[in-house]
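Asker: One structure, pasted below without further comment.
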Amino acid sequence: MQGKDLQKDLKERKIIKVPVKHEIEPTHNRPEDLQKAYEALKESLGEEWVSNDINITVAYARDQSVTPMNHPHIVALPGSTDDVIQIMKIANEYSIDVMPYGTGLNTLGMTIPPYGGILCDLRRMDQIFEIDEENMFCTIGPGVTFAQLQTETLKRGLRLINPSTSANASVVSNIMMGNISTLANKYGVGLDHIIGYKVVLPEGKLMICGPKAYGADNAHLPGPGPDVRAFLRGSLGTMGIVTELTIRLYPEPNEVKLVVPIYDGDDWSHIAPALRAISQRNIAIENAYFQNTYMGIFMGETNLESSKLIPLLPRHYVVPVMGGMTTEEVEAKAAVSEEDIRKVAPEFDFMDWEVVESISEGRILGIDKFTKFFRESVRVQRVKGSFFVGFGLDHLDNLVEINKQMMKAMTTQVGSDDNVFSADMIATYFQPYDMGRLGFIEFDIFIDQSNPEDSLRTITGTLAAMIQSFKLGSGACFGIWPLIEGAGALHELIGFIYPQAGSYVDTFRAMKMIYDPNNICNRRWEYDTLRIKKVAL
Amino acid sequence: MEKKITRVREKLTDYRDDYWVCGKCKMCQSINVQKVSSARFSYNCPCGTKYRFESYYAAGMLEIARAITNLEYEPTEMTAKIIYSCNLCGLCQEMCFPLKSLHPTKIIQLMREKAVLEGWGPLLAHKKMIEDTENKDNPWGLEPGFKGEAVSGKGIKNILEEKSENLFFVGCALASTPEGQKRLDSALKILTACGIDFGVLGQNEPCCRSFTLAVGDRDSFEDKAAENIELFKSTGAKSIITSCPHCLQVFRDEYGMFLDIPVLHITEVIANAVEKKSLTPSKEVKMKAAYHDPCMLGRWCEIYEPPRKALSALGGLELLEFERNLENSWCCGAGGGVPLADSELASWTAEERLIEARAVGADVLITACPHCYSQFSQNGKMPVYDVCELLAMSL
Amino acid sequence: MERKHIDEFKSLLGEKNVITDKEFLKRFFETLPRDANITVLRPPTHEQLGLAANYAYEHDIPMFTYRRGFLNEEVAKSDGLLIDLTAMNKIRRIDEPNLLAFVEYGVTFEEMKKALDPMGLRILMPAAATSPSIVRSYVDRDVILANGSTRPYQISIFHAILADGRLWMSGNDQLTPDGHSEFREDFGPMYSYFFHASEDIFGMPYAGKVFIYKRWEKRKVSAHGFNDFDSAIKAAYEASRHDQVFECVVADRKYLSVLVSKSSDEAEQTAPKLAPWNVIFGFDNHEKLVEIWDRQTAQICRRYGAVETWDELSSIMLEKFEYPWYIRDRDHYRGFTETIEYYAFSSKAAALFDEVDSMFKDYEKGHVAIPSYYGAAFYCETDIYCDKNDPDLERLWYEAYVKILDRGAHVGRPRGRAAELIYERMDPENIRMIKNLKRVLDPKGLLNRDQLIKGV
């Protein structure tokens, strides 16, 4: 009976065996070396923290990106910096690739090992080593999530930079790579939060940077001398694995007040002036633009609630959060912001908080969600599969045109004039940085990823939108070179599209080759050809 | 007897969209982040937190489901080890479903059913339990008759002989040990004090087979379920009261389609009596205690308030809340057949909960599930009480 | 230097921009050695700088950039080039809506202020400046007066010429030609940040996009006196932590009296009018907010026992905040001002000041502390007013650094012997990293050899 069932099952569907992909003529990750490395890892880390079982490797083979699935050969769970050093040494000895993995939460397939090898899952390193309340910093391991750290810092009157990602993301990975945040306008991005770290370099050597590199206190400022801590930021694990990170924390204000400027309609030209007015004053702790789709997602506790809320909400929101020492101060800040916005963008109304509460039946985008953390991972499959294009960086002035072109590219697909995605399926999020000097723009498309048609449309739309955006002068961001390097045609085009990047890209390659002579750490291309080697299908 | 299914059978592949769509957003790897009060107690999944490989979390198990249904590899012993390390506590689904509309716990359960159908599950220890349940009608292989002995001579009506308004379903756990029988006595005492007209099935009381279902043998579960439904109907009871949340869950969720008798947990009955003031404890019970929400009672049956209401009637009791409480409650380790297959994991899970109890300042742990009770009391590091036991002490 | 090289540089940069005249050289060296052999290049454009660097690189000619003060004798005798970028002095663009100014190396704070004032804009001024060049000061991470609520990197993107004449652009300018985006970060490992406080060993930054700020409706400065440093720094910490101030400076009476005077007599007369310690807050925002902040910070100061100070101090500091505070401007007092500067936690600042004081017992000293990152750390500076030729000065200065480093002080941009001291203590991999990047960008080691660390 059981056997018959299985046979029936097999007959009904095609057998699509998807084996672990290997290179055709591997120089790394050779079977005999893998076995030796596996034994050495077990010896070094303990048997329970290393596995090459397919049931273990399968869980690291795929994420929600369009990156092709691939298993690592071995998964290792280091528990300490020493363990990571051992992994790197073993990997070098046996020419096995190493893919660092924080909590594995990303939308770009960044932890899927292109050639297999060792996947270094850092979640056991989830220690919060120190939170210095008075001097406002903390030191953590790469397995610590935003939820865990923010909870502990808030107890001490300190705020961690809120991520616009899932609260279950690794703080270290996020800060080392992306770190889009509603607080970025005031407090900065990524590197601005890093005081120092310990990193295991690809050859297994330990490097300390920041003040602790010479035994000084973590006194926040970069240095000494050349800012070595920038080495790992944006390197996507190609240059080593951060095992301890010291980051800055920010004072949690005594009082907080939310101002909600809103307006309806398709005219986007009022958003940038309003955002800029708030940003330049430097009195809001947080500042961002949300389309109604986003707002509904934040407010609703469930998808269903969100879907009901979205059409009820006005289309455009700018959401500055004021912080201050006293109620009088936050009230005054709110009034000043309102006055500023009215001057530059009179189309805005100011939402009565009671109305927001009544629309959302009490489930409001409360201060607590902002000040604590987003429960909802905004981009990550919010509504049963979502896809995001978050690359644009530009002056606030360019928002209108970029948004228009992006929306057009997203809604009008290649080979079709039909609007395959309605405007409400695409949400724009705009985040000013550096007190309104520039911004980060993001588009989320809420689709069903299991629907191949939707996925295809999204991919074609995204590519079209990216081309539009680059034409308009917005840039890619956050560690794009390590991703692009070696990426076939894109690699060829770099020199052509971006001649100014030449010396940087040469330096990147040269440093990679110096620091990772065996090309094992997040190996994405070959040193001899500087391209991705063809992998077997 | 004609075999009846209790509810529409589902197949793992019915949830294809779920396991293909899961984007490893890691929502299933923490309690609700808005409710996290400390990093130490932010973890939600016992097997994931203990073994740490992604495969032991819901996201990884969904990936295994995807790979084996996509015939990427044949399930192995390791596949079984992983999927049987789950307590089916439901906390991953509690986090995932409202936002992502996915059903990770359901998928793990269906993977087990697939494993049983295809012969690569359950684990050896579970097979013995299934056999015992089938042969002796209780998961521990005790000789039949112990349930009758547990209630005999206590002046309790046998509902098959004497009509009663309510059927009190004792459950295997309370009746199986002398120590459990003490808590059974408390339950009987409380029900009587509440003025409830109830009877028991005595030695005719069957096993609900929730453990058989949990380890994936739906055939065995359904065979018995059909019999049980007929038996319950024959008693003429207007409602069924259970002391065990596992029995409650299968009666409500699995038998529900064919059993039109309301099923209540005993804490619901007590809460009702407290509300109506028909139960008024007189003695103080002085202790600082934390109430543990059993997974089956809380997340599975959504009964959070009644046990608290019942405990609120006790004078002298300082009732504390766990950091992970209500829908974020950490499992005791007894669910999903884990203690049979991986007793070390089960004990570690219980130990974690007791550490949390101490962290919130409790000297005593209270629960409303006999399986949680025995899991915690085996640890021996903190006194454990059942809700009924405490109330009985106060009468 | 060989004639043919000089001729080539002249053809590349123009006759007047290649200078070998010894009289001219004296401005770069305290004492020009007799056997000085160095040629000064003053490239007017970055293209010419690139061509000159490329030629020098091809012909193995050492290059040194003029950064500040006087260069050492070894440079004078190097048979190389001294590259003075101050001839590149255009304000390329003031982007008012986006509050960015694109300036070349030679643009000074004073020139920028002149250009920005009529537009109602400002640039943030450094508190321990050694060069009037904005690019130099910001690349060197000079401490900024409004440091408490703004971030240390006041330069967004910079452009540099590498040793071999190649162009290096940081941040988004790697992708888009100038004019679109201003994102500071490189799109991979951020090597551009290595250029900061590096003594130009990696490349020669010749222009940068610097942050400018609006002047708001209300500007106010308030000064509060304190009898002890402990109370003063606590008040400054609390006001900064609550994000109440634009500028915040904690200074003793000696430092302030020297700062605000033009002669030693004036300083002597001013000192007694000041409280032993002074906390000066600057505000610049909407009048409603300025009023609230002024009131709230005054309350904080009262709570820490504030006392009277010179009533003219506020108005004087209002003016002082408008210009850079050059260290050399304080030489009027005793002929020379030596500084010990570092960052420390607020609670450790007093002990570190004491440590330095104990080394310089018989010297006249001024102290200043400026909060960074909402008071999370304080820039601490002790000024030693002395005779430059004092035989003990160098030894004491060195020993003072040893002492403060032993107690955990963080020196953000070490130079000279302090740099050697720090790099001795440094994690060796960290130094290897600096050396490796140097080797990648300047394999021949021709640019600013030995200027940051010996051997690099």
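By convention here, the chains of the structure tokens are called A, B, ... in the order presented, each chain's residues are numbered starting at 1, and ligands are numbered starting at 1 in the order presented.
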Show which residues sit within 7 Å of Pro320 in chain A, as JSON, numbers by chain. Count only C-alpha atoms, and ignore same-chain residues fewer than 5 positions away.

Answerer: {"A": [258, 259, 284, 286, 287, 288]}

Asker: Can you list, as a PDB file with C-alpha atoms, in the first residue's frame, all residues belonging to range 112-259 of chain C that DSSP tags as strand (DSSP E)?

Answerer:
```pdb
ATOM      1  CA  LEU C 121      24.167  79.025   4.754  1.00  0.00           C
ATOM      2  CA  ARG C 122      27.092  77.933   6.869  1.00  0.00           C
ATOM      3  CA  ILE C 155      32.949  65.436   3.659  1.00  0.00           C
ATOM      4  CA  SER C 156      30.739  63.305   1.506  1.00  0.00           C
ATOM      5  CA  ILE C 157      32.494  62.298  -1.688  1.00  0.00           C
ATOM      6  CA  PHE C 158      36.066  63.229  -2.473  1.00  0.00           C
ATOM      7  CA  HIS C 159      38.184  62.982  -5.582  1.00  0.00           C
ATOM      8  CA  ALA C 160      41.856  62.170  -5.411  1.00  0.00           C
ATOM      9  CA  ILE C 161      44.797  61.537  -7.675  1.00  0.00           C
ATOM     10  CA  LEU C 162      46.722  58.373  -6.947  1.00  0.00           C
ATOM     11  CA  LEU C 167      41.814  59.228 -10.682  1.00  0.00           C
ATOM     12  CA  TRP C 168      40.178  57.952  -7.509  1.00  0.00           C
ATOM     13  CA  MET C 169      36.605  58.873  -6.826  1.00  0.00           C
ATOM     14  CA  GLY C 203      46.389  59.390  -2.834  1.00  0.00           C
ATOM     15  CA  MET C 204      46.041  63.136  -2.999  1.00  0.00           C
ATOM     16  CA  PRO C 205      42.504  64.322  -2.303  1.00  0.00           C
ATOM     17  CA  TYR C 206      42.112  67.455  -4.401  1.00  0.00           C
ATOM     18  CA  ALA C 207      38.398  68.191  -4.123  1.00  0.00           C
ATOM     19  CA  GLY C 208      35.426  67.137  -2.102  1.00  0.00           C
ATOM     20  CA  LYS C 209      31.741  67.563  -1.583  1.00  0.00           C
ATOM     21  CA  VAL C 210      31.315  68.986   1.854  1.00  0.00           C
ATOM     22  CA  PHE C 211      28.226  69.353   3.959  1.00  0.00           C
ATOM     23  CA  TYR C 213      24.004  73.824   6.681  1.00  0.00           C
ATOM     24  CA  LYS C 214      21.187  76.301   6.767  1.00  0.00           C
ATOM     25  CA  LYS C 218      17.300  82.096  15.571  1.00  0.00           C
ATOM     26  CA  ARG C 219      20.935  81.903  16.620  1.00  0.00           C
ATOM     27  CA  LYS C 220      21.945  82.057  20.244  1.00  0.00           C
ATOM     28  CA  VAL C 221      24.951  81.231  22.382  1.00  0.00           C
ATOM     29  CA  SER C 222      24.770  80.811  26.156  1.00  0.00           C
ATOM     30  CA  ALA C 223      27.676  80.429  28.505  1.00  0.00           C
ATOM     31  CA  HIS C 224      27.523  78.833  31.948  1.00  0.00           C
ATOM     32  CA  GLY C 225      30.228  78.908  34.578  1.00  0.00           C
ATOM     33  CA  PHE C 226      31.318  76.006  36.823  1.00  0.00           C
ATOM     34  CA  GLU C 247      27.582  73.578  19.489  1.00  0.00           C
ATOM     35  CA  CYS C 248      28.883  72.554  22.873  1.00  0.00           C
ATOM     36  CA  VAL C 249      32.280  73.356  24.307  1.00  0.00           C
ATOM     37  CA  VAL C 250      33.635  72.750  27.805  1.00  0.00           C
ATOM     38  CA  ALA C 251      36.717  74.876  28.449  1.00  0.00           C
ATOM     39  CA  ASP C 252      38.720  76.164  31.346  1.00  0.00           C
TER      40      ASP C 252
END
```

Asker: I'd like a table as CSV: residues in chain B with an atom no more than 9 Å from chain A, each row giving the shortest atom pair and its distance in Å to one decimal, only C-alpha atoms counted, sorted by chain and rising residue number.

Answerer:
```
residue,atom,partner,partner_atom,distance
B:Asp17,CA,A:Ser450,CA,6.3
B:Asp18,CA,A:Ser450,CA,8.8
B:Trp20,CA,A:Ser450,CA,6.7
B:Val21,CA,A:Ser450,CA,6.0
B:Cys22,CA,A:Gln64,CA,7.2
B:Gly23,CA,A:Gln64,CA,4.4
B:Lys24,CA,A:Asp63,CA,6.1
B:Cys25,CA,A:Leu105,CA,5.7
B:Lys26,CA,A:Asn168,CA,6.0
B:Met27,CA,A:Asn168,CA,6.6
B:Gln29,CA,A:Asn168,CA,7.6
B:Ser30,CA,A:Asn168,CA,7.1
B:Asn32,CA,A:Arg375,CA,7.1
B:Val33,CA,A:Arg375,CA,5.7
B:Gln34,CA,A:Arg375,CA,6.0
B:Val36,CA,A:Thr151,CA,6.7
B:Ser37,CA,A:Thr151,CA,6.0
B:Ser38,CA,A:Thr151,CA,5.9
B:Ala39,CA,A:Gln148,CA,4.3
B:Arg40,CA,A:Gln148,CA,7.9
B:Phe41,CA,A:Gln148,CA,8.9
B:Ser42,CA,A:Gln148,CA,6.7
B:Tyr51,CA,A:Glu48,CA,8.0
B:Arg52,CA,A:Arg124,CA,7.0
B:Phe53,CA,A:Ile56,CA,6.9
B:Glu54,CA,A:Ala59,CA,5.9
B:Ser55,CA,A:Ala59,CA,5.4
B:Tyr56,CA,A:Ile56,CA,8.4
B:Ala59,CA,A:Ala59,CA,7.5
B:Gly60,CA,A:Ala59,CA,4.6
B:Met61,CA,A:Ala59,CA,7.6
B:Leu62,CA,A:Ala59,CA,8.4
B:Glu63,CA,A:Ala59,CA,5.6
B:Ile64,CA,A:Asn55,CA,6.5
B:Ala67,CA,A:Val58,CA,7.6
B:Asn70,CA,A:Ile16,CA,6.7
B:Leu71,CA,A:Ile15,CA,6.0
B:Glu72,CA,A:Lys17,CA,4.4
B:Tyr73,CA,A:Lys17,CA,6.8
B:Pro75,CA,A:Asn55,CA,8.3
B:Thr76,CA,A:Asn55,CA,8.2
B:Met78,CA,A:Asn55,CA,6.7
B:Thr79,CA,A:Asn55,CA,5.9
B:Ile82,CA,A:Asn55,CA,8.1
B:Phe97,CA,A:Thr302,CA,8.5
B:Pro98,CA,A:Thr302,CA,4.9
B:Leu99,CA,A:Thr302,CA,5.2
B:Lys100,CA,A:Lys384,CA,5.4
B:Ser101,CA,A:Lys384,CA,6.7
B:Leu102,CA,A:Lys384,CA,8.2
B:Val116,CA,A:Gln2,CA,8.4
B:Leu117,CA,A:Gln2,CA,5.2
B:Glu118,CA,A:Gln2,CA,5.0
B:Gly119,CA,A:Gln2,CA,6.8
```

Asker: Tell me which of A:Pro68, A:Pro226, A:Gly109, A:Pro432 sits closest to chain C, counting only C-alpha atoms.

Answerer: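 Ranking A:Pro68, A:Pro226, A:Gly109, A:Pro432 by distance to chain C, first place goes to A:Pro226.
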
Asker: Need the shell around Lys273 in chain C: protein/DNA/RNA residues with any atom at most 10 Å away, counting only C-alpha atoms. Skip same-chain ones fewer than 2 positions apart. Format as a list in words?

Answerer: Arg253, Ser257, Glu268, Gln269, Thr270, Ala271, Ala275, Pro276, Glu308, Thr309, Trp310, Asp311, Glu312 and Leu313 of chain C

Asker: Would you mind listing what lies within 6 Å of range 186-196 of chain B as a PyMOL selection string, with only C-alpha atoms counted and same-chain residues fewer than 6 positions away left out?

Answerer: chain B and resi 273+278-279+388-389+392

Asker: So that I can see what lies close to Ser78 in chain C, please list as a list in words the residues with an atom at most 8 Å from it, counting only C-alpha atoms and leaving out residues fewer than 4 positions away in the same chain.

Answerer: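 Counting only C-alpha atoms, the residues come to Ala36, Asn37, Ile38, Pro62 and Glu74 of chain C.
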
Asker: Using only C-alpha atoms, find the one residue out of C:Asn98, C:Ser131, C:Gln296, C:Gln244 that sits nearest to chain A.

Answerer: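 Ranked by minimum distance to chain A, first place goes to C:Asn98.
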
Asker: How many Å lie between CA of Ser307 in chain A and CA of Leu326 in chain B, rounded to one decimal?

Answerer: 26.5 Å

Asker: Residues within 12 Å of Leu51 in chain C, please, as a list in words. Count only C-alpha atoms; anything in the same chain fewer than 2 positions from it doesn't count.

Answerer: Glu8, Phe9, Lys10, Ser11, Leu12, Leu13, Leu41, Pro43, Pro44, Thr45, His46, Glu47, Gln48, Leu49, Ala53, Asn54, Tyr55, Ala56, Tyr57, Glu58, Ile161, Leu162, Ala163, Asp164, Gly165, Arg166 and Leu167 of chain C

Asker: Residues as selected, C-alpha atoms, written as a PDB file, in the first residue's frame, can you do that?

Answerer:
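For reference, part.pdb as written:
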```pdb
ATOM      1  CA  GLU C   8      58.604  68.333 -18.274  1.00  0.00           C
ATOM      2  CA  PHE C   9      56.718  69.447 -15.173  1.00  0.00           C
ATOM      3  CA  LYS C  10      56.837  73.002 -16.450  1.00  0.00           C
ATOM      4  CA  SER C  11      55.383  71.906 -19.735  1.00  0.00           C
ATOM      5  CA  LEU C  12      52.639  70.049 -17.918  1.00  0.00           C
ATOM      6  CA  LEU C  13      51.755  72.637 -15.289  1.00  0.00           C
ATOM      7  CA  LEU C  41      54.452  71.818  -7.917  1.00  0.00           C
ATOM      8  CA  PRO C  43      48.965  72.210 -10.174  1.00  0.00           C
ATOM      9  CA  PRO C  44      46.051  74.439 -11.172  1.00  0.00           C
ATOM     10  CA  THR C  45      43.771  71.562 -12.219  1.00  0.00           C
ATOM     11  CA  HIS C  46      43.382  67.941 -11.292  1.00  0.00           C
ATOM     12  CA  GLU C  47      44.095  66.862 -14.855  1.00  0.00           C
ATOM     13  CA  GLN C  48      47.489  68.546 -14.617  1.00  0.00           C
ATOM     14  CA  LEU C  49      48.052  67.045 -11.202  1.00  0.00           C
ATOM     15  CA  ALA C  53      51.946  62.489 -10.832  1.00  0.00           C
ATOM     16  CA  ASN C  54      51.974  60.039 -13.670  1.00  0.00           C
ATOM     17  CA  TYR C  55      55.241  61.463 -14.996  1.00  0.00           C
ATOM     18  CA  ALA C  56      56.799  61.434 -11.529  1.00  0.00           C
ATOM     19  CA  TYR C  57      55.656  57.869 -10.998  1.00  0.00           C
ATOM     20  CA  GLU C  58      57.080  56.711 -14.300  1.00  0.00           C
ATOM     21  CA  ILE C 161      44.797  61.537  -7.675  1.00  0.00           C
ATOM     22  CA  LEU C 162      46.722  58.373  -6.947  1.00  0.00           C
ATOM     23  CA  ALA C 163      50.513  58.160  -6.972  1.00  0.00           C
ATOM     24  CA  ASP C 164      50.566  57.029 -10.590  1.00  0.00           C
ATOM     25  CA  GLY C 165      48.205  59.764 -11.714  1.00  0.00           C
ATOM     26  CA  ARG C 166      45.028  57.693 -11.857  1.00  0.00           C
ATOM     27  CA  LEU C 167      41.814  59.228 -10.682  1.00  0.00           C
TER      28      LEU C 167
END
```

Asker: Kindly give the distance, in Å, that separates CA of Pro202 in chain A and CA of Glu185 in chain C, rounded to a single decimal.

Answerer: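 Spanning CA of Pro202 in chain A to CA of Glu185 in chain C is a straight-line distance of 23.0 Å.
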
Asker: Could you work out which residues of chain C fall inside 6 Å of chain A? Count only C-alpha atoms, and format the result as a list in words.

Answerer: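 My answer is Asn98, Gln174, Leu175, His180, Ser181, Phe187, Gly188, Pro189, Met190, Tyr193, Phe194, His196, Ala197, Ser198, Ala344, Ala376, Ala377, Gly408, Ala409, His410, Val411, Gly412, Arg413, Arg425, Met426, Asp427 and Glu429 of chain C.
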
Asker: I'd like the interatomic distance between CA of Leu82 in chain C and CA of Tyr66 in chain C, to a tenth of an Å.

Answerer: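 That distance, rounded to one decimal, is 6.5 Å.
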
Asker: Which neighbours of range 207-217 of chain B fall inside 8 Å, counting only C-alpha atoms, when residues of the same chain fewer than 3 positions from it are skipped, and could you give them as an mmCIF file with N, CA and C atoms, in the first residue's frame?

Answerer:
```
data_model
loop_
_atom_site.group_PDB
_atom_site.id
_atom_site.type_symbol
_atom_site.label_atom_id
_atom_site.label_comp_id
_atom_site.auth_asym_id
_atom_site.auth_seq_id
_atom_site.Cartn_x
_atom_site.Cartn_y
_atom_site.Cartn_z
ATOM 1 N N TYR B 84 11.000 14.563 13.420
ATOM 2 C CA TYR B 84 10.481 14.088 14.710
ATOM 3 C C TYR B 84 11.140 14.783 15.909
ATOM 4 N N LEU B 88 5.741 20.048 17.695
ATOM 5 C CA LEU B 88 4.443 20.494 17.150
ATOM 6 C C LEU B 88 3.797 21.509 18.090
ATOM 7 N N GLN B 109 3.521 18.281 10.440
ATOM 8 C CA GLN B 109 2.626 17.168 10.775
ATOM 9 C C GLN B 109 2.350 16.305 9.533
ATOM 10 N N LEU B 110 2.101 16.964 8.415
ATOM 11 C CA LEU B 110 1.805 16.208 7.195
ATOM 12 C C LEU B 110 3.034 15.475 6.666
ATOM 13 N N MET B 111 4.204 16.022 6.944
ATOM 14 C CA MET B 111 5.434 15.306 6.563
ATOM 15 C C MET B 111 5.523 14.009 7.341
ATOM 16 N N ARG B 112 5.107 14.064 8.600
ATOM 17 C CA ARG B 112 5.125 12.849 9.421
ATOM 18 C C ARG B 112 4.132 11.830 8.867
ATOM 19 N N GLU B 113 2.984 12.347 8.442
ATOM 20 C CA GLU B 113 1.996 11.411 7.879
ATOM 21 C C GLU B 113 2.536 10.792 6.601
ATOM 22 N N LYS B 114 3.210 11.607 5.822
ATOM 23 C CA LYS B 114 3.839 11.093 4.594
ATOM 24 C C LYS B 114 4.904 10.044 4.960
ATOM 25 N N ALA B 115 5.650 10.352 6.001
ATOM 26 C CA ALA B 115 6.710 9.428 6.439
ATOM 27 C C ALA B 115 6.108 8.077 6.820
ATOM 28 N N VAL B 116 5.005 8.107 7.535
ATOM 29 C CA VAL B 116 4.375 6.854 7.968
ATOM 30 C C VAL B 116 3.844 6.093 6.755
ATOM 31 N N LEU B 117 3.194 6.824 5.855
ATOM 32 C CA LEU B 117 2.654 6.179 4.656
ATOM 33 C C LEU B 117 3.746 5.549 3.810
ATOM 34 N N GLY B 121 8.981 6.623 8.454
ATOM 35 C CA GLY B 121 8.671 7.136 9.778
ATOM 36 C C GLY B 121 7.587 6.259 10.361
ATOM 37 N N PRO B 122 7.264 6.321 11.591
ATOM 38 C CA PRO B 122 7.918 7.149 12.605
ATOM 39 C C PRO B 122 9.212 6.490 13.091
ATOM 40 N N HIS B 126 8.606 5.477 18.558
ATOM 41 C CA HIS B 126 7.200 5.817 18.278
ATOM 42 C C HIS B 126 6.410 4.574 17.842
ATOM 43 N N MET B 129 5.113 2.856 20.690
ATOM 44 C CA MET B 129 3.999 3.597 21.291
ATOM 45 C C MET B 129 2.708 3.372 20.488
ATOM 46 N N ILE B 130 2.839 3.355 19.158
ATOM 47 C CA ILE B 130 1.649 3.146 18.316
ATOM 48 C C ILE B 130 1.091 1.733 18.559
ATOM 49 N N THR B 133 -0.616 1.586 21.824
ATOM 50 C CA THR B 133 -1.902 2.295 21.776
ATOM 51 C C THR B 133 -2.944 1.433 21.075
ATOM 52 N N ASP B 137 -4.663 0.267 24.081
ATOM 53 C CA ASP B 137 -5.463 1.488 24.150
ATOM 54 C C ASP B 137 -4.888 2.532 25.112
ATOM 55 N N ASN B 138 -3.604 2.555 25.233
ATOM 56 C CA ASN B 138 -2.956 3.678 25.915
ATOM 57 C C ASN B 138 -1.513 3.734 25.433
ATOM 58 N N PRO B 139 -0.943 4.924 25.396
ATOM 59 C CA PRO B 139 0.371 5.062 24.758
ATOM 60 C C PRO B 139 1.506 4.409 25.540
ATOM 61 N N GLY B 171 -8.715 10.823 30.517
ATOM 62 C CA GLY B 171 -7.456 10.811 29.768
ATOM 63 C C GLY B 171 -6.480 9.819 30.351
ATOM 64 N N CYS B 172 -5.613 9.292 29.459
ATOM 65 C CA CYS B 172 -4.668 8.269 29.906
ATOM 66 C C CYS B 172 -3.678 8.812 30.930
ATOM 67 N N SER B 220 -4.263 4.846 11.952
ATOM 68 C CA SER B 220 -4.534 4.297 13.280
ATOM 69 C C SER B 220 -5.415 5.248 14.089
ATOM 70 N N PHE B 221 -5.086 6.535 13.976
ATOM 71 C CA PHE B 221 -5.860 7.544 14.711
ATOM 72 C C PHE B 221 -7.316 7.527 14.270
ATOM 73 N N LYS B 224 -9.652 4.623 15.377
ATOM 74 C CA LYS B 224 -10.149 4.738 16.751
ATOM 75 C C LYS B 224 -11.135 5.905 16.882
ATOM 76 N N ALA B 225 -10.826 6.969 16.122
ATOM 77 C CA ALA B 225 -11.655 8.163 16.234
ATOM 78 C C ALA B 225 -13.109 7.841 15.903
ATOM 79 N N ASN B 228 -14.656 6.175 18.762
ATOM 80 C CA ASN B 228 -14.831 7.092 19.895
ATOM 81 C C ASN B 228 -16.024 8.007 19.706
ATOM 82 N N HIS B 246 -4.441 17.701 25.137
ATOM 83 C CA HIS B 246 -4.207 16.916 23.921
ATOM 84 C C HIS B 246 -5.505 16.222 23.490
ATOM 85 N N CYS B 247 -6.226 15.664 24.494
ATOM 86 C CA CYS B 247 -7.526 15.054 24.186
ATOM 87 C C CYS B 247 -8.457 16.132 23.635
ATOM 88 N N VAL B 250 -7.783 17.070 19.908
ATOM 89 C CA VAL B 250 -8.256 16.146 18.862
ATOM 90 C C VAL B 250 -9.776 16.079 18.830
ATOM 91 N N PHE B 251 -10.424 16.175 20.007
ATOM 92 C CA PHE B 251 -11.892 16.139 20.006
ATOM 93 C C PHE B 251 -12.451 17.361 19.274
ATOM 94 N N GLY B 336 4.524 16.259 20.537
ATOM 95 C CA GLY B 336 5.004 15.729 19.261
ATOM 96 C C GLY B 336 5.756 14.413 19.348
ATOM 97 N N GLY B 337 5.649 13.751 20.459
ATOM 98 C CA GLY B 337 6.345 12.467 20.602
ATOM 99 C C GLY B 337 7.845 12.623 20.809
#
```

Asker: Among range 96-330 of chain A, which ones does DSSP assign to helix (DSSP H, G or I) (computed from the backbone)? Answer as JSON, numbers by chain.

Answerer: {"A": [146, 147, 148, 149, 150, 151, 152, 153, 154, 155, 171, 172, 173, 174, 175, 176, 177, 184, 185, 186, 187, 190, 191, 192, 193, 211, 212, 213, 214, 228, 229, 230, 231, 271, 272, 273, 274, 275, 276, 277, 278, 279, 280, 281, 292, 293, 294, 295, 296, 297, 298, 299, 303, 304, 305, 306, 307, 308, 309, 310, 311, 312, 327, 328, 329, 330]}
